[in-house]
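**Student:** First the structure, which I've put down as structure tokens, then a few questions once you've had a look.
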Amino acid sequence: MSVTDDQADQRTALGGPGLPQERRLVTSIPGPRSRELADRRTAAVASGVSSSMPVYAVAAGGGVLVDADGNSLIDLGSGIAVTTVGNADPAVAAAVAAQAAQLTHTCFTITPYEGYVEVAERLNRLTPGDHAKRSALFSSGAEAVENAIKIARHHTGRTAVVAFDHAYHGRTNLTMALTAKSMPYKAGFGPFASEVYRAPMSYPYRDGLSGPEAAKRAITVIEKQVGAADLAAVIIEPVQGEGGFVVPAEGFLPALQEWCTANRVVFIVDEIQSGFARTGDLFASEHEGLVPDLITTAKGIAGGMPLSAVTGRTEIMDAPHAGGLGGTYAGNPVACAAALASLDHFEHGGLVERAREIGTLLLDRLHAAQASDPRVGDVRGRGAMVAIELVDPASGEPDAALTAAVARRAAREGVIVLTCGTYGNVIRLLPPLAIGDDLLSEGIDVLLGALADS
Ligand SMILES: Cc1ncc(COP(=O)(O)O)c(C=O)c1O
């Protein structure tokens with residue numbers, strides 16, 4: 001089907017919330033233009049880089065993404081929890097344009113600039129705990145995690161690091177070692193960084209343990225298999241992302257933090273996916289009053305521009321020697337400008353409250369679906385970070401094939417949903433907080449319809 005002039009105008013002229021907030025399919029999914037681009041891609045792009053959606057994006061904003069054929073899809077993924085403030089948000093776009101017209105790069109480690117300092121000041125103020133803090137900025141989430149480990153090792157003079165079952169911390173060499181799942185993240189890419197150990201996670205749906213019980217199990221593994229004396233850091237996602245939106249049982253995280261403090265082990269909370277209002281608190285750590293020694297952030301921080309950070313206790317952050325931390329693009333000025341505009345939204349735009357409203361809407365709908373469909377084994381999450389785990393009702397075994405079929409069917413109907421989980425059987429919802437209730441409800445209608453038909 002051809003694209004009308006109006007649609008063509010729209011895809012070249014508009015992004016941001018000015019886009020009509022509607023699901024509108026004018027071709028089958030993928031349409032001819034996306035198929036054409038897929039052919040070019042096959043001939044040009046390395047096949048190890050894959051995409052879960054078959055459509056090529058040209059504009060996005062509010063709760064929709066418009067593809068190259070003029071189809072308007074409901075976005076329930078936010079580019080993996082990145083466009084939390086909305087895609088092409090006008091304030092972010094204006095800040096980016098103004099900064100890009102002024103200077104695009106100097107390298108903070110050569111000629112510093114104010115935007116970097118201001119992002120650091122604001123992260124120091126906004127992250128949990130009122131102790132003295134410092135921040136260092138980077139570009140990707142994995143880079144922030146790598147640097148958090150470097151800092152913790154330097155501070156403690158110890159080498160070992162503990163991560164958890166189902167963890168995801170990135171795809172660089174050290175972060176692959178921290179990440180739990182082999183396929184697709186690690187298989188064939190070893191050898192991995194050494195001195196990384198894995199402890200059992202609290203996964204209430206699958207282990208049935210209380211938070212304190214699960215913490216005792218994890219701490220026993222750490223003490224017996226690693227030893228506190230050699231342990232630099234424990235790193236954990238307060239709500240796991242790629243691993244399946246696993247929400248640990250209440251009490252698990254505080255008990256771990258307490259053990260780390262008692263043993264002078266740096267407690268690193270990876271809020272790269274869960275941070276910035278996503279879970280209905282500015283940081284998921286706040287839910288149980290955690291005060292991490294170091295916190296890693298990225299994704300939602302800058303409305304889609306690449307920026308990440310490590311923020312934490314001054315005495316830990318200041319341990320490495322001058323020149324020990326940095327990177328050519330780390331804390332790029334355009335990304336910092338985008339972050340400052342995004343942080344304004346997080347601080348003053350009611351986004352924490354909006355995430356809670358979205359959470360109530362999503363959980364109500366999904367719990368109702370669970371009551372009538374035994375394949376929905378678990379519904380979990382907080383705020384705008386919510387998931388369903390799909391299982392074979394007879395055995396309780398994960399049903400990855402059903403999960404993939406539901407996501408594919410929803411995509412064909414014009415709704416972007418992402419899957420995740422160690423067993424590939426979790427559908428996760430991460431809508432932009434700029435989405436309206438009607439569009440969100442319609443997206444859930446389509447998702448649940450796809451489940452019913454699969
Ligand atoms: C919790 C967590 N840590 C680290 C990362 C890695 O971030 P990036 O892909 O920006 O390197 C991710 C990405 O999904 C994540 O969810």
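Residue numbering restarts at 1 for every chain of the structure tokens, chains are lettered A, B, ... in their displayed order, and ligands are numbered from 1 as they appear.
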List all protein, DNA and RNA residues that have at least one atom no more than 6 Å from any atom of ligand 1, counting only C-alpha atoms and all ligand atoms, and write them as an MDAnalysis selection string.

**Tutor:** chainID A and resid 140:142 168:170 237 241 270:273

**Student:** Output C-alpha atoms for every residue in the selection just made, as a PDB file, in the first residue's frame.

**Tutor:**
ATOM      1  CA  SER A 140      26.492   3.722  27.914  1.00  0.00           C
ATOM      2  CA  GLY A 141      25.051   1.754  30.781  1.00  0.00           C
ATOM      3  CA  ALA A 142      27.719  -0.931  30.478  1.00  0.00           C
ATOM      4  CA  TYR A 168      21.871  -8.097  33.200  1.00  0.00           C
ATOM      5  CA  HIS A 169      24.578  -5.458  33.358  1.00  0.00           C
ATOM      6  CA  GLY A 170      25.674  -5.082  29.714  1.00  0.00           C
ATOM      7  CA  GLU A 237      19.335  -4.432  39.973  1.00  0.00           C
ATOM      8  CA  GLY A 241      15.341  -5.791  33.708  1.00  0.00           C
ATOM      9  CA  ASP A 270      22.264  -0.785  39.068  1.00  0.00           C
ATOM     10  CA  GLU A 271      19.305   1.502  38.315  1.00  0.00           C
ATOM     11  CA  ILE A 272      20.046   1.749  34.606  1.00  0.00           C
ATOM     12  CA  GLN A 273      16.638   0.301  33.690  1.00  0.00           C
TER      13      GLN A 273
END

**Student:** Excluding range 85-99 of chain A and its own-chain neighbours fewer than 5 positions away, which residues fall within 6 Å of it when counting only C-alpha atoms? Please give them as a compact mmCIF listing (two decimals) with N, CA, C and O atoms, in the first residue's frame.

**Tutor:**
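Contents of part.txt, as written:
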# COMPACT_ATOMS: atom_id res chain seq x y z
N GLY A 15 7.75 14.97 15.10
CA GLY A 15 8.10 13.98 16.11
C GLY A 15 7.51 14.55 17.37
O GLY A 15 6.76 15.52 17.33
N GLY A 16 7.81 13.95 18.49
CA GLY A 16 7.32 14.51 19.74
C GLY A 16 5.83 14.36 19.90
O GLY A 16 5.15 13.72 19.09
N ALA A 60 8.57 9.65 16.44
CA ALA A 60 7.95 9.09 17.64
C ALA A 60 7.69 10.21 18.62
O ALA A 60 8.37 11.24 18.62
N GLY A 61 6.67 10.01 19.45
CA GLY A 61 6.38 11.00 20.48
C GLY A 61 5.12 10.64 21.23
O GLY A 61 4.27 9.91 20.71
N GLY A 62 4.99 11.14 22.46
CA GLY A 62 3.84 10.74 23.28
C GLY A 62 3.90 9.25 23.48
O GLY A 62 4.87 8.72 23.98
N VAL A 334 26.13 17.63 24.56
CA VAL A 334 24.76 17.58 24.01
C VAL A 334 23.92 16.62 24.86
O VAL A 334 22.76 16.90 25.20
N ALA A 337 23.02 18.34 28.08
CA ALA A 337 21.92 19.30 27.91
C ALA A 337 20.59 18.55 27.89
O ALA A 337 19.59 18.98 28.51
N ALA A 338 20.56 17.41 27.20
CA ALA A 338 19.34 16.60 27.17
C ALA A 338 19.00 16.09 28.57
O ALA A 338 17.83 16.06 28.97
N ALA A 341 17.39 18.86 30.71
CA ALA A 341 15.98 19.06 30.35
C ALA A 341 15.13 17.90 30.86
O ALA A 341 14.01 18.10 31.36
N PRO A 432 6.36 4.86 27.54
CA PRO A 432 6.81 6.21 27.88
C PRO A 432 5.79 6.82 28.84
O PRO A 432 4.59 6.55 28.72
N LEU A 433 6.25 7.63 29.78
CA LEU A 433 5.31 8.21 30.74
C LEU A 433 4.47 9.30 30.09
O LEU A 433 3.51 9.78 30.69
N ALA A 434 4.82 9.67 28.86
CA ALA A 434 4.05 10.66 28.11
C ALA A 434 2.82 10.04 27.43
O ALA A 434 2.04 10.74 26.79

**Student:** Write out as CSV the residues of range 164-251 of chain A that have any atom within 10 Å of an atom of range 376-386 of chain A, one row each with the nearest atom pair and its distance in Å to one decimal, counting only C-alpha atoms, sorted by chain and then rising number.

**Tutor:**
residue,atom,partner,partner_atom,distance
A:Pro204,CA,A:Asp378,CA,10.0
A:Tyr205,CA,A:Asp378,CA,6.9
A:Arg206,CA,A:Asp378,CA,9.6
A:Val239,CA,A:Gly381,CA,7.7
A:Gln240,CA,A:Gly381,CA,9.6
A:Gly241,CA,A:Met385,CA,8.8
A:Gly244,CA,A:Arg380,CA,9.7
A:Phe245,CA,A:Gly381,CA,6.5
A:Val246,CA,A:Gly381,CA,7.5
A:Val247,CA,A:Gly381,CA,6.4
A:Pro248,CA,A:Gly381,CA,10.0

**Student:** Quick one: residues within 7 Å of Gly331 in chain A, only C-alpha atoms counted, chain neighbours fewer than 4 positions away excluded, as number ranges by chain?

**Tutor:** A: 116, 137-139, 307, 335-336

**Student:** Dump C-alpha atoms for the selected residues as a PDB file, in the first residue's frame?

**Tutor:**
ATOM      1  CA  TYR A 116      28.610  18.086  32.981  1.00  0.00           C
ATOM      2  CA  LEU A 137      29.576  10.574  33.641  1.00  0.00           C
ATOM      3  CA  PHE A 138      29.947   8.102  30.786  1.00  0.00           C
ATOM      4  CA  SER A 139      28.047   7.193  27.620  1.00  0.00           C
ATOM      5  CA  LEU A 307      24.553   9.354  28.805  1.00  0.00           C
ATOM      6  CA  ALA A 335      23.813  14.532  26.095  1.00  0.00           C
ATOM      7  CA  CYS A 336      24.243  16.601  29.280  1.00  0.00           C
TER       8      CYS A 336
END

**Student:** Would you list, as a PyMOL selection string, the residues of range 209-282 of chain A that end up in strand (DSSP E or B) under DSSP run on this structure's backbone?

**Tutor:** chain A and resi 231-236+266-270

**Student:** Please indicate the distance in Å from CA of Ala193 in chain A to CA of Asn173 in chain A, rounded to one decimal place.

**Tutor:** 6.2 Å

**Student:** DSSP says alpha helix (DSSP H) for which residues of range 297-442 of chain A? Put them as a VMD selection string?

**Tutor:** chain A and resid 314 to 317 333 to 348 351 to 372 400 to 412 437 to 442
